[in-house]
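Asks: Sharing a structure here in structure tokens format.
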Amino acid sequence: MITGDQIRMARAALKWGVRDLAKNANITPATVTRIEAGRSSHASTLEVIRIAFENAGVEFISENGGGAGVRFAKPQTKLG
């Protein structure tokens with residue numbers, strides 16, 4: 001499950017404001033602010049946020065001893 005810290009990091013990587021994420025995830029800016037502040041949220045809301053970021057080229061890294069984070073996804077090569 002993604003965290004508020006990861007959401008802030010992903011927004012910073014894309015240079016998105018709260019409203020940009022809200023628009024791309026079809027949620028309210030208040031919802032983004034609430035989640036980033038560490039408040040609880042529905043799994044379905046976190047899922048639409050994750051999908052919005054993945055569609056923009058960001059992937060989430062789980063906490064595997066090195067801490068949770070984000071990175072730009074490796075571009076997919078298209079076979080012609």
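Residues in the structure tokens are numbered from 1 in each chain, the chains being A, B, ... in the order shown, and ligands are numbered from 1 in the order shown.
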Skipping near chain neighbours, those fewer than 5 positions away, what residues fall within 12 Å of Val32 of chain A using only C-alpha atoms, listed as a list in words?

Replies: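 So, after excluding close chain neighbours, the residues are Thr3, Gly4, Asp5, Gln6, Ile7, Arg8, Arg11, Trp16, Gly17, Val18, Arg19, Asp20, Leu21, Ala22, Lys23, Asn24, Ala25, Asn26, Ile27, Ala37, Gly38, Arg39, Ser40, Ser41, His42, Thr45, Leu46, Val48 and Ile49 of chain A.
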
Asks: Keeping only N, CA, C and O atoms, write those residues as a CSV table (one decimal), in the first residue's frame.

Replies:
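Everything below was put into out-v6.csv:
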chain,number,residue,atom,x,y,z
A,3,THR,N,2.1,5.2,0.6
A,3,THR,CA,2.0,6.1,1.8
A,3,THR,C,1.9,7.5,1.3
A,3,THR,O,2.1,7.9,0.2
A,4,GLY,N,1.5,8.4,2.3
A,4,GLY,CA,1.4,9.8,2.0
A,4,GLY,C,2.8,10.3,1.6
A,4,GLY,O,2.9,11.2,0.7
A,5,ASP,N,3.9,9.8,2.2
A,5,ASP,CA,5.2,10.3,1.8
A,5,ASP,C,5.5,9.9,0.4
A,5,ASP,O,6.1,10.7,-0.3
A,6,GLN,N,5.1,8.7,0.0
A,6,GLN,CA,5.4,8.3,-1.4
A,6,GLN,C,4.6,9.2,-2.4
A,6,GLN,O,5.1,9.5,-3.4
A,7,ILE,N,3.4,9.5,-2.0
A,7,ILE,CA,2.5,10.4,-2.9
A,7,ILE,C,3.2,11.7,-3.0
A,7,ILE,O,3.3,12.2,-4.1
A,8,ARG,N,3.7,12.3,-1.9
A,8,ARG,CA,4.4,13.6,-2.0
A,8,ARG,C,5.6,13.5,-2.9
A,8,ARG,O,5.9,14.4,-3.7
A,11,ARG,N,4.6,13.3,-6.6
A,11,ARG,CA,4.1,14.6,-7.1
A,11,ARG,C,5.3,15.4,-7.4
A,11,ARG,O,5.4,16.1,-8.4
A,16,TRP,N,4.0,17.9,-10.0
A,16,TRP,CA,2.5,18.1,-9.9
A,16,TRP,C,2.2,18.7,-8.6
A,16,TRP,O,2.7,18.4,-7.6
A,17,GLY,N,1.2,19.6,-8.7
A,17,GLY,CA,0.6,20.1,-7.4
A,17,GLY,C,-0.5,19.2,-7.0
A,17,GLY,O,-0.8,18.2,-7.7
A,18,VAL,N,-1.1,19.5,-5.8
A,18,VAL,CA,-2.2,18.7,-5.3
A,18,VAL,C,-3.3,18.7,-6.3
A,18,VAL,O,-3.9,17.6,-6.5
A,19,ARG,N,-3.6,19.8,-6.9
A,19,ARG,CA,-4.7,19.8,-7.9
A,19,ARG,C,-4.4,19.0,-9.1
A,19,ARG,O,-5.3,18.4,-9.7
A,20,ASP,N,-3.2,18.9,-9.6
A,20,ASP,CA,-2.8,18.1,-10.7
A,20,ASP,C,-3.1,16.6,-10.4
A,20,ASP,O,-3.7,15.9,-11.2
A,21,LEU,N,-2.7,16.2,-9.2
A,21,LEU,CA,-2.9,14.8,-8.9
A,21,LEU,C,-4.4,14.5,-8.7
A,21,LEU,O,-4.9,13.5,-9.2
A,22,ALA,N,-5.1,15.4,-8.1
A,22,ALA,CA,-6.6,15.3,-7.9
A,22,ALA,C,-7.3,15.1,-9.3
A,22,ALA,O,-8.1,14.2,-9.4
A,23,LYS,N,-6.9,15.9,-10.2
A,23,LYS,CA,-7.5,15.9,-11.5
A,23,LYS,C,-7.2,14.6,-12.2
A,23,LYS,O,-8.1,13.9,-12.8
A,24,ASN,N,-5.9,14.1,-12.2
A,24,ASN,CA,-5.5,12.9,-12.8
A,24,ASN,C,-6.1,11.6,-12.2
A,24,ASN,O,-6.2,10.6,-12.9
A,25,ALA,N,-6.4,11.7,-10.9
A,25,ALA,CA,-6.9,10.6,-10.2
A,25,ALA,C,-8.4,10.6,-10.0
A,25,ALA,O,-9.0,9.7,-9.4
A,26,ASN,N,-9.0,11.8,-10.4
A,26,ASN,CA,-10.4,12.0,-10.3
A,26,ASN,C,-10.9,11.9,-8.9
A,26,ASN,O,-11.9,11.3,-8.5
A,27,ILE,N,-10.2,12.6,-8.0
A,27,ILE,CA,-10.5,12.8,-6.6
A,27,ILE,C,-10.4,14.2,-6.2
A,27,ILE,O,-10.0,15.1,-7.1
A,37,ALA,N,-1.2,13.9,4.7
A,37,ALA,CA,-1.0,14.3,6.1
A,37,ALA,C,-1.0,13.1,7.0
A,37,ALA,O,-0.9,13.2,8.3
A,38,GLY,N,-1.2,11.9,6.4
A,38,GLY,CA,-1.2,10.6,7.2
A,38,GLY,C,-2.5,10.1,7.7
A,38,GLY,O,-2.6,9.2,8.5
A,39,ARG,N,-3.6,10.7,7.3
A,39,ARG,CA,-4.9,10.3,7.7
A,39,ARG,C,-5.3,9.0,6.9
A,39,ARG,O,-4.7,8.8,5.8
A,40,SER,N,-6.2,8.3,7.4
A,40,SER,CA,-6.6,7.1,6.7
A,40,SER,C,-7.4,7.3,5.4
A,40,SER,O,-7.9,8.4,5.2
A,41,SER,N,-7.4,6.3,4.6
A,41,SER,CA,-8.1,6.5,3.3
A,41,SER,C,-8.5,5.1,2.8
A,41,SER,O,-8.0,4.1,3.3
A,42,HIS,N,-9.4,5.1,1.9
A,42,HIS,CA,-9.9,3.8,1.4
A,42,HIS,C,-8.9,3.2,0.4
A,42,HIS,O,-8.2,4.0,-0.3
A,45,THR,N,-9.2,4.4,-3.1
A,45,THR,CA,-8.7,5.8,-3.4
A,45,THR,C,-7.2,5.7,-3.6
A,45,THR,O,-6.6,6.3,-4.6
A,46,LEU,N,-6.5,4.9,-2.8
A,46,LEU,CA,-5.0,4.7,-3.0
A,46,LEU,C,-4.7,4.1,-4.3
A,46,LEU,O,-3.8,4.4,-5.0
A,48,VAL,N,-6.6,4.4,-7.2
A,48,VAL,CA,-6.7,5.3,-8.3
A,48,VAL,C,-5.5,6.3,-8.3
A,48,VAL,O,-5.1,6.7,-9.4
A,49,ILE,N,-5.0,6.6,-7.2
A,49,ILE,CA,-3.8,7.5,-7.1
A,49,ILE,C,-2.6,6.7,-7.7
A,49,ILE,O,-1.9,7.3,-8.5

Asks: Could you pull the residues within 9 Å of Glu47 of chain A, counting only C-alpha atoms, minus those fewer than 4 positions along the same chain, as a list in words?

Replies: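 So, after excluding close chain neighbours, the residues are Met1, Ile2, His42, Ala43, Ile51 and Ala52 of chain A.
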
Asks: With N, CA and C atoms retained, write the just-selected residues as a PDB file, in the first residue's frame.

Replies:
ATOM      1  N   MET A   1       0.843  -1.174   0.000  1.00  0.00           N
ATOM      2  CA  MET A   1       0.000   0.000   0.000  1.00  0.00           C
ATOM      3  C   MET A   1       0.892   1.243   0.000  1.00  0.00           C
ATOM      4  N   ILE A   2       0.552   2.217  -0.822  1.00  0.00           N
ATOM      5  CA  ILE A   2       1.354   3.432  -0.905  1.00  0.00           C
ATOM      6  C   ILE A   2       1.088   4.343   0.294  1.00  0.00           C
ATOM      7  N   HIS A  42      -9.418   5.070   1.904  1.00  0.00           N
ATOM      8  CA  HIS A  42      -9.911   3.808   1.353  1.00  0.00           C
ATOM      9  C   HIS A  42      -8.871   3.219   0.413  1.00  0.00           C
ATOM     10  N   ALA A  43      -8.804   1.918   0.380  1.00  0.00           N
ATOM     11  CA  ALA A  43      -7.876   1.229  -0.529  1.00  0.00           C
ATOM     12  C   ALA A  43      -8.168   1.604  -1.975  1.00  0.00           C
ATOM     13  N   ILE A  51      -2.601   4.335  -9.879  1.00  0.00           N
ATOM     14  CA  ILE A  51      -2.806   4.209 -11.325  1.00  0.00           C
ATOM     15  C   ILE A  51      -2.490   5.527 -12.031  1.00  0.00           C
ATOM     16  N   ALA A  52      -2.913   6.650 -11.458  1.00  0.00           N
ATOM     17  CA  ALA A  52      -2.633   7.959 -12.068  1.00  0.00           C
ATOM     18  C   ALA A  52      -1.134   8.187 -12.184  1.00  0.00           C
TER      19      ALA A  52
END

Asks: Residues of chain A classed as helix (DSSP H, G or I) by DSSP on the backbone are to be reported as an NGL selection string.

Replies: :A and (4-14 or 18-25 or 29-36 or 43-55)

Asks: Name all residues at most 8 Å from segment 63-72 of chain A (count only C-alpha atoms; drop same-chain ones fewer than 6 positions away) and give them as JSON, numbers by chain.

Replies: {"A": [6, 9, 10, 57]}

Asks: Let's have the selection written as a PDB file, in the first residue's frame, with N, CA, C and O atoms.

Replies:
ATOM      1  N   GLN A   6       5.146   8.715  -0.015  1.00  0.00           N
ATOM      2  CA  GLN A   6       5.389   8.306  -1.405  1.00  0.00           C
ATOM      3  C   GLN A   6       4.584   9.161  -2.373  1.00  0.00           C
ATOM      4  O   GLN A   6       5.069   9.510  -3.449  1.00  0.00           O
ATOM      5  N   MET A   9       6.394  12.397  -2.739  1.00  0.00           N
ATOM      6  CA  MET A   9       7.596  12.201  -3.554  1.00  0.00           C
ATOM      7  C   MET A   9       7.238  12.072  -5.035  1.00  0.00           C
ATOM      8  O   MET A   9       7.928  12.639  -5.896  1.00  0.00           O
ATOM      9  N   ALA A  10       6.186  11.337  -5.331  1.00  0.00           N
ATOM     10  CA  ALA A  10       5.777  11.146  -6.721  1.00  0.00           C
ATOM     11  C   ALA A  10       5.311  12.467  -7.326  1.00  0.00           C
ATOM     12  O   ALA A  10       5.639  12.779  -8.480  1.00  0.00           O
ATOM     13  N   GLY A  57       4.145   7.588 -15.567  1.00  0.00           N
ATOM     14  CA  GLY A  57       5.512   7.092 -15.655  1.00  0.00           C
ATOM     15  C   GLY A  57       6.255   6.936 -14.344  1.00  0.00           C
ATOM     16  O   GLY A  57       7.480   6.846 -14.327  1.00  0.00           O
TER      17      GLY A  57
END

Asks: Among the residues of chain A, find those DSSP assigns to strand (DSSP E or B) from the backbone and print them as a JSON list (two decimals) with N, CA, C and O atoms, in the first residue's frame.

Replies:
[["chain", "number", "residue", "atom", "x", "y", "z"],
["A", 58, "VAL", "N", 5.53, 6.91, -13.23],
["A", 58, "VAL", "CA", 6.15, 6.74, -11.92],
["A", 58, "VAL", "C", 5.76, 5.38, -11.36],
["A", 58, "VAL", "O", 4.63, 4.94, -11.52],
["A", 59, "GLU", "N", 6.71, 4.71, -10.72],
["A", 59, "GLU", "CA", 6.38, 3.46, -10.04],
["A", 59, "GLU", "C", 6.76, 3.55, -8.58],
["A", 59, "GLU", "O", 7.66, 4.31, -8.21],
["A", 60, "PHE", "N", 6.06, 2.80, -7.77],
["A", 60, "PHE", "CA", 6.28, 2.82, -6.33],
["A", 60, "PHE", "C", 7.19, 1.66, -5.93],
["A", 60, "PHE", "O", 7.05, 0.56, -6.43],
["A", 61, "ILE", "N", 8.10, 1.94, -5.02],
["A", 61, "ILE", "CA", 9.04, 0.94, -4.52],
["A", 61, "ILE", "C", 8.61, 0.61, -3.10],
["A", 61, "ILE", "O", 8.49, 1.51, -2.25],
["A", 69, "GLY", "N", 9.73, 4.14, -1.48],
["A", 69, "GLY", "CA", 10.06, 5.28, -2.33],
["A", 69, "GLY", "C", 9.33, 5.24, -3.65],
["A", 69, "GLY", "O", 8.38, 4.49, -3.84],
["A", 70, "VAL", "N", 9.79, 6.06, -4.58],
["A", 70, "VAL", "CA", 9.25, 6.12, -5.93],
["A", 70, "VAL", "C", 10.41, 6.27, -6.91],
["A", 70, "VAL", "O", 11.50, 6.68, -6.52],
["A", 71, "ARG", "N", 10.17, 5.95, -8.15],
["A", 71, "ARG", "CA", 11.15, 6.18, -9.20],
["A", 71, "ARG", "C", 10.41, 6.25, -10.52],
["A", 71, "ARG", "O", 9.27, 5.84, -10.64],
["A", 72, "PHE", "N", 11.09, 6.81, -11.50],
["A", 72, "PHE", "CA", 10.52, 6.81, -12.84],
["A", 72, "PHE", "C", 10.58, 5.39, -13.38],
["A", 72, "PHE", "O", 11.59, 4.69, -13.20]]
